[in-house]
$ cat input-v4.cif   # mmCIF, C-alpha atoms
data_run
#
loop_
_atom_site.label_atom_id
_atom_site.label_comp_id
_atom_site.auth_asym_id
_atom_site.auth_seq_id
_atom_site.Cartn_x
_atom_site.Cartn_y
_atom_site.Cartn_z
CA MET X 233 4.79 -149.35 -120.59
CA ALA X 234 3.62 -150.46 -117.15
CA ALA X 235 3.00 -147.75 -114.56
CA ASP X 236 5.30 -147.29 -111.60
CA THR X 237 4.12 -149.47 -108.71
CA ASP X 238 5.74 -147.14 -106.14
CA PRO X 239 3.12 -144.55 -105.08
CA ARG X 240 5.68 -142.76 -102.90
CA GLY X 241 7.83 -142.09 -105.94
CA ARG X 242 4.88 -140.57 -107.77
CA ALA X 243 4.01 -138.43 -104.75
CA LEU X 244 7.58 -137.13 -104.51
CA LEU X 245 7.70 -136.18 -108.18
CA VAL X 246 4.37 -134.36 -107.85
CA GLU X 247 5.74 -132.53 -104.80
CA LEU X 248 8.91 -131.63 -106.73
CA LEU X 249 6.96 -130.12 -109.63
CA ALA X 250 4.08 -128.57 -107.67
CA PRO X 251 5.77 -125.18 -107.01
CA LEU X 252 6.37 -124.76 -110.76
CA THR X 253 3.06 -125.78 -112.32
CA HIS X 254 -0.62 -126.27 -111.54
CA ASP X 255 -0.52 -129.53 -113.50
CA ALA X 256 2.08 -131.40 -111.43
CA GLY X 257 -0.15 -134.44 -111.05
CA SER X 258 -1.08 -134.74 -114.70
CA ILE X 259 2.51 -134.11 -115.82
CA THR X 260 3.74 -136.82 -113.45
CA ASP X 261 1.13 -139.29 -114.68
CA ALA X 262 1.97 -138.52 -118.31
CA LEU X 263 5.67 -139.08 -117.64
CA LEU X 264 4.98 -142.36 -115.84
CA ALA X 265 2.75 -143.51 -118.68
CA ARG X 266 5.57 -142.77 -121.12
CA PHE X 267 8.59 -144.06 -119.17
CA GLY X 268 7.11 -146.53 -116.69
CA THR X 269 9.09 -145.65 -113.55
CA ILE X 270 10.28 -142.61 -111.64
CA ALA X 271 13.87 -143.77 -112.15
CA ARG X 272 13.45 -143.74 -115.93
CA VAL X 273 11.79 -140.32 -115.79
CA VAL X 274 14.71 -138.86 -113.86
CA ALA X 275 17.22 -140.56 -116.17
CA THR X 276 15.64 -139.05 -119.31
CA ASP X 277 17.63 -136.33 -121.07
CA GLU X 278 16.44 -132.73 -121.22
CA ALA X 279 15.77 -132.67 -124.98
CA THR X 280 13.44 -135.67 -124.77
CA LEU X 281 11.45 -134.19 -121.89
CA VAL X 282 11.07 -130.89 -123.73
CA SER X 283 9.97 -132.70 -126.90
CA LEU X 284 7.09 -134.23 -124.94
CA GLY X 285 5.69 -130.78 -124.24
CA ILE X 286 6.71 -130.63 -120.59
CA GLU X 287 7.09 -127.06 -119.34
CA ARG X 288 10.73 -126.00 -119.40
CA ASN X 289 10.85 -124.99 -115.75
CA ALA X 290 9.51 -128.43 -114.79
CA VAL X 291 12.07 -130.10 -117.05
CA ARG X 292 14.82 -128.03 -115.47
CA GLN X 293 13.68 -129.11 -112.00
CA ILE X 294 13.89 -132.78 -112.99
CA ILE X 295 17.36 -132.35 -114.53
CA VAL X 296 18.72 -130.46 -111.53
CA SER X 297 17.30 -133.12 -109.20
CA ARG X 298 19.13 -135.82 -111.15
CA ARG X 299 22.38 -133.86 -110.98
CA LEU X 300 21.96 -133.47 -107.23
CA ILE X 301 21.47 -137.23 -106.82
CA GLN X 302 24.53 -137.88 -109.00
CA HIS X 303 26.60 -135.44 -106.96
CA VAL X 304 25.60 -137.02 -103.66
CA LEU X 305 26.46 -140.52 -104.90
CA ARG X 306 29.69 -139.45 -106.59
CA ALA X 307 31.09 -137.61 -103.56
CA PRO X 308 32.09 -140.78 -101.63
CA LEU X 309 33.98 -142.02 -104.69
CA LEU X 310 36.23 -138.98 -104.49
CA ALA X 311 36.63 -139.09 -100.72
CA ARG X 312 37.80 -142.58 -99.88
CA PRO X 313 39.31 -145.79 -101.29
CA GLN X 314 36.86 -147.79 -103.36
CA LEU X 315 38.03 -151.41 -103.31
CA GLY X 316 36.49 -151.78 -99.87
CA ASN X 317 33.39 -149.85 -100.87
CA LEU X 318 32.25 -151.33 -104.18
CA SER X 319 28.64 -150.83 -103.07
CA ALA X 320 29.09 -147.05 -103.36
CA VAL X 321 30.39 -147.53 -106.90
CA ILE X 322 27.39 -149.71 -107.77
CA ASP X 323 24.94 -147.17 -106.30
CA TYR X 324 26.54 -144.40 -108.34
CA LEU X 325 26.59 -146.36 -111.58
CA THR X 326 23.05 -147.62 -111.14
CA VAL X 327 21.78 -144.05 -110.97
CA GLU X 328 24.05 -142.92 -113.80
CA ILE X 329 23.22 -145.58 -116.37
CA GLY X 330 20.94 -148.27 -114.92
CA HIS X 331 17.74 -146.71 -116.23
CA SER X 332 19.07 -145.14 -119.41
CA PRO X 333 17.05 -146.00 -122.53
CA VAL X 334 20.26 -146.34 -124.57
CA GLU X 335 23.32 -148.45 -123.89
CA THR X 336 25.99 -146.39 -122.16
CA LEU X 337 29.56 -147.28 -121.21
CA ARG X 338 31.26 -145.84 -118.12
CA VAL X 339 34.89 -146.36 -117.22
CA LEU X 340 36.01 -145.28 -113.75
CA TYR X 341 39.76 -144.71 -113.43
CA LEU X 342 41.29 -145.12 -109.98
CA ASP X 343 44.63 -144.06 -108.53
CA SER X 344 46.91 -146.27 -106.45
CA ALA X 345 44.77 -145.57 -103.37
CA ASN X 346 41.68 -146.66 -105.34
CA ARG X 347 40.19 -143.17 -105.44
CA LEU X 348 38.32 -141.95 -108.49
CA ILE X 349 40.50 -139.71 -110.67
CA ASP X 350 38.74 -139.71 -114.04
CA GLU X 351 35.79 -141.06 -116.00
CA LEU X 352 35.17 -142.02 -119.59
CA VAL X 353 31.61 -141.98 -120.95
CA GLN X 354 30.46 -143.38 -124.28
CA VAL X 355 26.84 -143.45 -125.43
CA GLY X 356 25.69 -145.91 -128.06
CA GLU X 357 22.42 -147.14 -129.50
CA VAL X 358 19.50 -148.80 -127.74
CA ASP X 359 21.23 -152.19 -127.69
CA ASN X 360 24.87 -151.48 -128.46
CA VAL X 361 27.75 -149.23 -127.50
CA PRO X 362 31.13 -149.44 -129.24
CA VAL X 363 33.99 -150.40 -126.94
CA SER X 364 37.57 -149.53 -127.86
CA VAL X 365 40.05 -151.29 -125.60
CA ARG X 366 42.79 -149.11 -127.05
CA ALA X 367 40.95 -145.87 -126.17
CA ILE X 368 40.16 -147.08 -122.65
CA VAL X 369 43.75 -148.06 -121.94
CA HIS X 370 45.18 -144.95 -123.59
CA ARG X 371 43.14 -142.66 -121.35
CA GLY X 372 44.13 -144.70 -118.32
CA LEU X 373 47.79 -144.15 -119.14
CA LEU X 374 47.23 -140.43 -119.67
CA VAL X 375 45.64 -139.94 -116.25
CA GLY X 376 48.06 -142.29 -114.47
CA ALA X 377 45.43 -144.80 -113.43
CA ALA X 378 46.40 -147.83 -111.39
CA GLY X 379 43.03 -149.53 -111.82
CA LEU X 380 39.73 -149.22 -113.61
CA ILE X 381 36.14 -150.33 -113.36
CA LEU X 382 34.16 -150.88 -116.54
CA ALA X 383 30.36 -150.71 -116.52
CA HIS X 384 27.59 -150.62 -119.09
CA ASN X 385 23.85 -150.98 -119.04
CA HIS X 386 21.43 -153.25 -120.87
CA PRO X 387 18.23 -151.25 -121.56
CA SER X 388 16.47 -154.54 -122.34
CA GLY X 389 16.37 -155.30 -118.61
CA ASP X 390 18.48 -158.47 -118.94
CA ASN X 391 21.86 -158.11 -117.25
CA ALA X 392 23.29 -161.34 -118.65
CA PRO X 393 26.63 -160.52 -120.36
CA SER X 394 26.83 -161.11 -124.08
CA ARG X 395 29.63 -163.01 -125.78
CA SER X 396 31.05 -159.66 -126.87
CA ASP X 397 30.93 -158.38 -123.25
CA ARG X 398 33.00 -161.37 -122.15
CA GLU X 399 35.52 -161.09 -124.97
CA VAL X 400 36.08 -157.36 -124.44
CA THR X 401 36.48 -157.93 -120.71
CA ARG X 402 39.15 -160.60 -121.14
CA THR X 403 41.04 -158.48 -123.68
CA LEU X 404 40.89 -155.37 -121.52
CA ALA X 405 42.04 -157.28 -118.44
CA ARG X 406 45.02 -158.70 -120.34
CA VAL X 407 46.07 -155.47 -122.04
CA SER X 408 45.64 -153.23 -118.99
CA SER X 409 47.58 -155.68 -116.82
CA SER X 410 50.50 -155.66 -119.25
CA LEU X 411 50.62 -151.86 -118.87
CA GLY X 412 50.47 -151.79 -115.07
CA MET X 413 46.74 -151.25 -114.62
CA THR X 414 44.25 -153.60 -112.96
CA LEU X 415 40.75 -154.22 -114.27
CA ILE X 416 38.88 -154.37 -110.98
CA ASP X 417 35.52 -155.36 -112.41
CA HIS X 418 33.16 -155.12 -115.35
CA LEU X 419 29.60 -154.51 -114.24
CA VAL X 420 26.54 -155.08 -116.42
CA ILE X 421 23.57 -153.08 -115.12
CA ALA X 422 19.91 -153.50 -116.01
CA SER X 423 17.64 -151.14 -114.06
CA SER X 424 18.74 -151.86 -110.46
CA GLU X 425 20.13 -155.34 -111.15
CA VAL X 426 23.92 -155.55 -111.35
CA ARG X 427 26.02 -158.43 -112.71
CA SER X 428 29.74 -158.67 -111.91
CA LEU X 429 31.84 -160.33 -114.58
CA LYS X 430 34.63 -160.66 -112.03
CA ALA X 431 32.35 -162.66 -109.74
CA ASP X 432 31.25 -164.70 -112.76
CA GLY X 433 34.87 -165.71 -113.32
CA VAL X 434 35.05 -164.16 -116.79
CA PHE X 435 38.56 -162.85 -116.04
#
$ encode --input "input-v4.cif" --output "structure tokens"
Amino acid sequence: MAADTDPRGRALLVELLAPLTHDAGSITDALLARFGTIARVVATDEATLVSLGIERNAVRQIIVSRRLIQHVLRAPLLARPQLGNLSAVIDYLTVEIGHSPVETLRVLYLDSANRLIDELVQVGEVDNVPVSVRAIVHRGLLVGAAGLILAHNHPSGDNAPSRSDREVTRTLARVSSSLGMTLIDHLVIASSEVRSLKADGVF
């Protein structure tokens, strides 16, 4: 995998790990050689990092750093209406799933003021995640959602929606609408590139 072309990212990861190990530079380079970018390193799960022989305290530092980033990006979603701030949603989802090596589905449930009230997460295989319209809608009804945003990543790096993506989107939009919920958007994310199926006119 190609090395990260952002030297500042490498320097920051070295700085993050330096207090915990004398091998911060070599650990960083090994991680970049394996995953390609800092974003993919930070998105990697704890078990995978440990399996590579990375010291546990260094792994813990990486995991806690990711959680801190997630918390910072998630906070605005809880604090204010989201329809006028879709960019905050995109930033959050890009960090959450954009660099994941497996396909992951996120459903954000919003109340009538478009504030985040619940999330659904499903993890699939490298190139597929099962989508149950019934399960998505059922949870929305349970939490009293007025709207929802669907998002999933394409680990391949191509954010073009598949035929299945389009079909599921149309079905979900129709079913949720009949039950008083609005599908606000379905976002397909590949690394930092985001595709809106709403903007594409899919539904």
$ residues_near_point --input "input-v4.cif" --point "(35.6, -157.1, -111.0)" --cutoff "9 Å" --atoms "all atoms listed in the file" --output "PyMOL selection string"
chain X and resi 381-382+415-419+428-433+435
$ residues_near_point --input "input-v4.cif" --point "(24.1, -145.3, -107.0)" --cutoff "10 Å" --atoms "all atoms listed in the file" --output "VMD selection string"
chain X and resid 301 to 302 304 to 306 319 to 330 424
$ resolve_selection --input "input-v4.cif" --expression "the PyMOL selection byres ((chain X and resi 244-252) around 12)" --output "PyMOL selection string"
chain X and resi 236+238-243+253-264+269-271+273-274+286-298
$ residues_around --input "input-v4.cif" --residues "Val363 of chain X" --least-positions-apart "6" --cutoff "9 Å" --atoms "all atoms listed in the file" --output "compact mmCIF listing (two decimals) with C-alpha atoms, in the coordinates of the input"
# COMPACT_ATOMS: atom_id res chain seq x y z
CA LEU X 337 29.56 -147.28 -121.21
CA GLN X 354 30.46 -143.38 -124.28
CA VAL X 400 36.08 -157.36 -124.44
$ atom_distance --input "input-v4.cif" --atom1 "atom CA of Leu348 of chain X" --atom2 "atom CA of Pro333 of chain X"
25.8 Å
$ resolve_selection --input "input-v4.cif" --expression "the PyMOL selection byres ((chain X and resi 390) around 9)" --output "mmCIF file with C-alpha atoms, in the frame of the given file"
data_model
loop_
_atom_site.group_PDB
_atom_site.id
_atom_site.type_symbol
_atom_site.label_atom_id
_atom_site.label_comp_id
_atom_site.auth_asym_id
_atom_site.auth_seq_id
_atom_site.Cartn_x
_atom_site.Cartn_y
_atom_site.Cartn_z
ATOM 1 C CA HIS X 386 21.430 -153.250 -120.870
ATOM 2 C CA PRO X 387 18.230 -151.250 -121.560
ATOM 3 C CA SER X 388 16.470 -154.540 -122.340
ATOM 4 C CA GLY X 389 16.370 -155.300 -118.610
ATOM 5 C CA ASN X 391 21.860 -158.110 -117.250
ATOM 6 C CA ALA X 392 23.290 -161.340 -118.650
ATOM 7 C CA PRO X 393 26.630 -160.520 -120.360
ATOM 8 C CA ILE X 421 23.570 -153.080 -115.120
ATOM 9 C CA ALA X 422 19.910 -153.500 -116.010
ATOM 10 C CA SER X 423 17.640 -151.140 -114.060
ATOM 11 C CA GLU X 425 20.130 -155.340 -111.150
#
$ closest_residue --input "input-v4.cif" --among "X:Ile368, X:His384, X:Asp350, X:Arg427" --to "Ala405 of chain X" --atoms "all atoms listed in the file"
X:Ile368
$ atom_distance --input "input-v4.cif" --atom1 "atom CA of Gly268 of chain X" --atom2 "atom CA of Val420 of chain X"
21.2 Å
$ atom_distance --input "input-v4.cif" --atom1 "atom CA of Val434 of chain X" --atom2 "atom CA of Gly376 of chain X"
25.6 Å
$ closest_residue --input "input-v4.cif" --among "X:Arg299, X:His370, X:Arg398, X:Arg266" --to "Leu284 of chain X" --atoms "all atoms listed in the file"
X:Arg266
$ resolve_selection --input "input-v4.cif" --expression "the PyMOL selection byres ((chain X and resi 352) around 6)" --output "PDB file with C-alpha atoms, in the frame of the given file"
ATOM      1  CA  ARG X 338      31.260-145.840-118.120  1.00  0.00           C
ATOM      2  CA  VAL X 339      34.890-146.360-117.220  1.00  0.00           C
ATOM      3  CA  GLU X 351      35.790-141.060-116.000  1.00  0.00           C
ATOM      4  CA  VAL X 353      31.610-141.980-120.950  1.00  0.00           C
TER       5      VAL X 353
END
$ closest_residue --input "input-v4.cif" --among "X:Leu318, X:Leu380, X:Leu340, X:Ala367" --to "Met413 of chain X" --atoms "all atoms listed in the file"
X:Leu380
$ axis_aligned_box --input "input-v4.cif" --around "segment 291-301 of chain X" --padding-each-side "3 Å" --output "AutoDock Vina command-line options"
--center_x 17.2 --center_y -132.6 --center_z -111.9 --size_x 16.3 --size_y 15.2 --size_z 16.2
$ residues_around --input "input-v4.cif" --residues "Ile349 of chain X" --least-positions-apart "6" --cutoff "8 Å" --atoms "only C-alpha atoms" --output "mmCIF file with C-alpha atoms, in the frame of the given file"
data_model
loop_
_atom_site.group_PDB
_atom_site.id
_atom_site.type_symbol
_atom_site.label_atom_id
_atom_site.label_comp_id
_atom_site.auth_asym_id
_atom_site.auth_seq_id
_atom_site.Cartn_x
_atom_site.Cartn_y
_atom_site.Cartn_z
ATOM 1 C CA LEU X 310 36.230 -138.980 -104.490
ATOM 2 C CA LEU X 340 36.010 -145.280 -113.750
ATOM 3 C CA TYR X 341 39.760 -144.710 -113.430
ATOM 4 C CA LEU X 342 41.290 -145.120 -109.980
ATOM 5 C CA ASP X 343 44.630 -144.060 -108.530
ATOM 6 C CA VAL X 375 45.640 -139.940 -116.250
ATOM 7 C CA ALA X 377 45.430 -144.800 -113.430
#
$ build_atoms --input "input-v4.cif" --residues "segment 383-404 of chain X" --atoms "N, CA, C and O atoms" --output "PDB file, in the coordinates of the input"
ATOM      1  N   ALA X 383      31.778-150.433-116.749  1.00  0.00           N
ATOM      2  CA  ALA X 383      30.360-150.710-116.520  1.00  0.00           C
ATOM      3  C   ALA X 383      29.558-150.279-117.739  1.00  0.00           C
ATOM      4  O   ALA X 383      29.880-149.283-118.384  1.00  0.00           O
ATOM      5  N   HIS X 384      28.538-151.052-118.053  1.00  0.00           N
ATOM      6  CA  HIS X 384      27.590-150.620-119.090  1.00  0.00           C
ATOM      7  C   HIS X 384      26.216-151.181-118.761  1.00  0.00           C
ATOM      8  O   HIS X 384      26.086-152.127-117.983  1.00  0.00           O
ATOM      9  N   ASN X 385      25.214-150.561-119.326  1.00  0.00           N
ATOM     10  CA  ASN X 385      23.850-150.980-119.040  1.00  0.00           C
ATOM     11  C   ASN X 385      23.241-151.761-120.200  1.00  0.00           C
ATOM     12  O   ASN X 385      23.703-151.665-121.344  1.00  0.00           O
ATOM     13  N   HIS X 386      22.231-152.545-119.877  1.00  0.00           N
ATOM     14  CA  HIS X 386      21.430-153.250-120.870  1.00  0.00           C
ATOM     15  C   HIS X 386      19.997-152.718-120.753  1.00  0.00           C
ATOM     16  O   HIS X 386      19.259-153.119-119.846  1.00  0.00           O
ATOM     17  N   PRO X 387      19.595-151.808-121.636  1.00  0.00           N
ATOM     18  CA  PRO X 387      18.230-151.250-121.560  1.00  0.00           C
ATOM     19  C   PRO X 387      17.138-152.305-121.675  1.00  0.00           C
ATOM     20  O   PRO X 387      16.000-152.057-121.271  1.00  0.00           O
ATOM     21  N   SER X 388      17.458-153.474-122.198  1.00  0.00           N
ATOM     22  CA  SER X 388      16.470-154.540-122.340  1.00  0.00           C
ATOM     23  C   SER X 388      15.966-155.055-120.994  1.00  0.00           C
ATOM     24  O   SER X 388      14.909-155.684-120.910  1.00  0.00           O
ATOM     25  N   GLY X 389      16.749-154.809-119.928  1.00  0.00           N
ATOM     26  CA  GLY X 389      16.370-155.300-118.610  1.00  0.00           C
ATOM     27  C   GLY X 389      17.036-156.615-118.242  1.00  0.00           C
ATOM     28  O   GLY X 389      16.919-157.083-117.112  1.00  0.00           O
ATOM     29  N   ASP X 390      17.776-157.199-119.170  1.00  0.00           N
ATOM     30  CA  ASP X 390      18.480-158.470-118.940  1.00  0.00           C
ATOM     31  C   ASP X 390      19.960-158.162-118.727  1.00  0.00           C
ATOM     32  O   ASP X 390      20.631-157.678-119.634  1.00  0.00           O
ATOM     33  N   ASN X 391      20.465-158.450-117.532  1.00  0.00           N
ATOM     34  CA  ASN X 391      21.860-158.110-117.250  1.00  0.00           C
ATOM     35  C   ASN X 391      22.839-159.253-117.550  1.00  0.00           C
ATOM     36  O   ASN X 391      24.000-159.201-117.147  1.00  0.00           O
ATOM     37  N   ALA X 392      22.374-160.262-118.256  1.00  0.00           N
ATOM     38  CA  ALA X 392      23.290-161.340-118.650  1.00  0.00           C
ATOM     39  C   ALA X 392      24.306-160.809-119.659  1.00  0.00           C
ATOM     40  O   ALA X 392      23.925-160.182-120.652  1.00  0.00           O
ATOM     41  N   PRO X 393      25.609-161.030-119.427  1.00  0.00           N
ATOM     42  CA  PRO X 393      26.630-160.520-120.360  1.00  0.00           C
ATOM     43  C   PRO X 393      26.577-161.251-121.692  1.00  0.00           C
ATOM     44  O   PRO X 393      26.352-162.461-121.744  1.00  0.00           O
ATOM     45  N   SER X 394      26.787-160.507-122.759  1.00  0.00           N
ATOM     46  CA  SER X 394      26.830-161.110-124.080  1.00  0.00           C
ATOM     47  C   SER X 394      28.202-161.718-124.328  1.00  0.00           C
ATOM     48  O   SER X 394      29.149-161.505-123.557  1.00  0.00           O
ATOM     49  N   ARG X 395      28.329-162.454-125.419  1.00  0.00           N
ATOM     50  CA  ARG X 395      29.630-163.010-125.780  1.00  0.00           C
ATOM     51  C   ARG X 395      30.639-161.896-126.006  1.00  0.00           C
ATOM     52  O   ARG X 395      31.793-161.993-125.592  1.00  0.00           O
ATOM     53  N   SER X 396      30.174-160.806-126.644  1.00  0.00           N
ATOM     54  CA  SER X 396      31.050-159.660-126.870  1.00  0.00           C
ATOM     55  C   SER X 396      31.495-159.036-125.552  1.00  0.00           C
ATOM     56  O   SER X 396      32.658-158.638-125.402  1.00  0.00           O
ATOM     57  N   ASP X 397      30.585-158.928-124.577  1.00  0.00           N
ATOM     58  CA  ASP X 397      30.930-158.380-123.250  1.00  0.00           C
ATOM     59  C   ASP X 397      32.080-159.189-122.636  1.00  0.00           C
ATOM     60  O   ASP X 397      33.030-158.626-122.077  1.00  0.00           O
ATOM     61  N   ARG X 398      31.986-160.498-122.738  1.00  0.00           N
ATOM     62  CA  ARG X 398      33.000-161.370-122.150  1.00  0.00           C
ATOM     63  C   ARG X 398      34.340-161.234-122.870  1.00  0.00           C
ATOM     64  O   ARG X 398      35.404-161.170-122.234  1.00  0.00           O
ATOM     65  N   GLU X 399      34.288-161.182-124.192  1.00  0.00           N
ATOM     66  CA  GLU X 399      35.520-161.090-124.970  1.00  0.00           C
ATOM     67  C   GLU X 399      36.242-159.770-124.714  1.00  0.00           C
ATOM     68  O   GLU X 399      37.466-159.739-124.528  1.00  0.00           O
ATOM     69  N   VAL X 400      35.486-158.682-124.703  1.00  0.00           N
ATOM     70  CA  VAL X 400      36.080-157.360-124.440  1.00  0.00           C
ATOM     71  C   VAL X 400      36.682-157.323-123.044  1.00  0.00           C
ATOM     72  O   VAL X 400      37.772-156.777-122.833  1.00  0.00           O
ATOM     73  N   THR X 401      35.993-157.911-122.094  1.00  0.00           N
ATOM     74  CA  THR X 401      36.480-157.930-120.710  1.00  0.00           C
ATOM     75  C   THR X 401      37.816-158.659-120.609  1.00  0.00           C
ATOM     76  O   THR X 401      38.756-158.159-119.968  1.00  0.00           O
ATOM     77  N   ARG X 402      37.905-159.825-121.198  1.00  0.00           N
ATOM     78  CA  ARG X 402      39.150-160.600-121.140  1.00  0.00           C
ATOM     79  C   ARG X 402      40.296-159.840-121.815  1.00  0.00           C
ATOM     80  O   ARG X 402      41.422-159.809-121.314  1.00  0.00           O
ATOM     81  N   THR X 403      40.009-159.234-122.964  1.00  0.00           N
ATOM     82  CA  THR X 403      41.040-158.480-123.680  1.00  0.00           C
ATOM     83  C   THR X 403      41.496-157.288-122.878  1.00  0.00           C
ATOM     84  O   THR X 403      42.701-157.026-122.743  1.00  0.00           O
ATOM     85  N   LEU X 404      40.549-156.546-122.315  1.00  0.00           N
ATOM     86  CA  LEU X 404      40.890-155.370-121.520  1.00  0.00           C
ATOM     87  C   LEU X 404      41.689-155.747-120.280  1.00  0.00           C
ATOM     88  O   LEU X 404      42.663-155.064-119.920  1.00  0.00           O
TER      89      LEU X 404
END
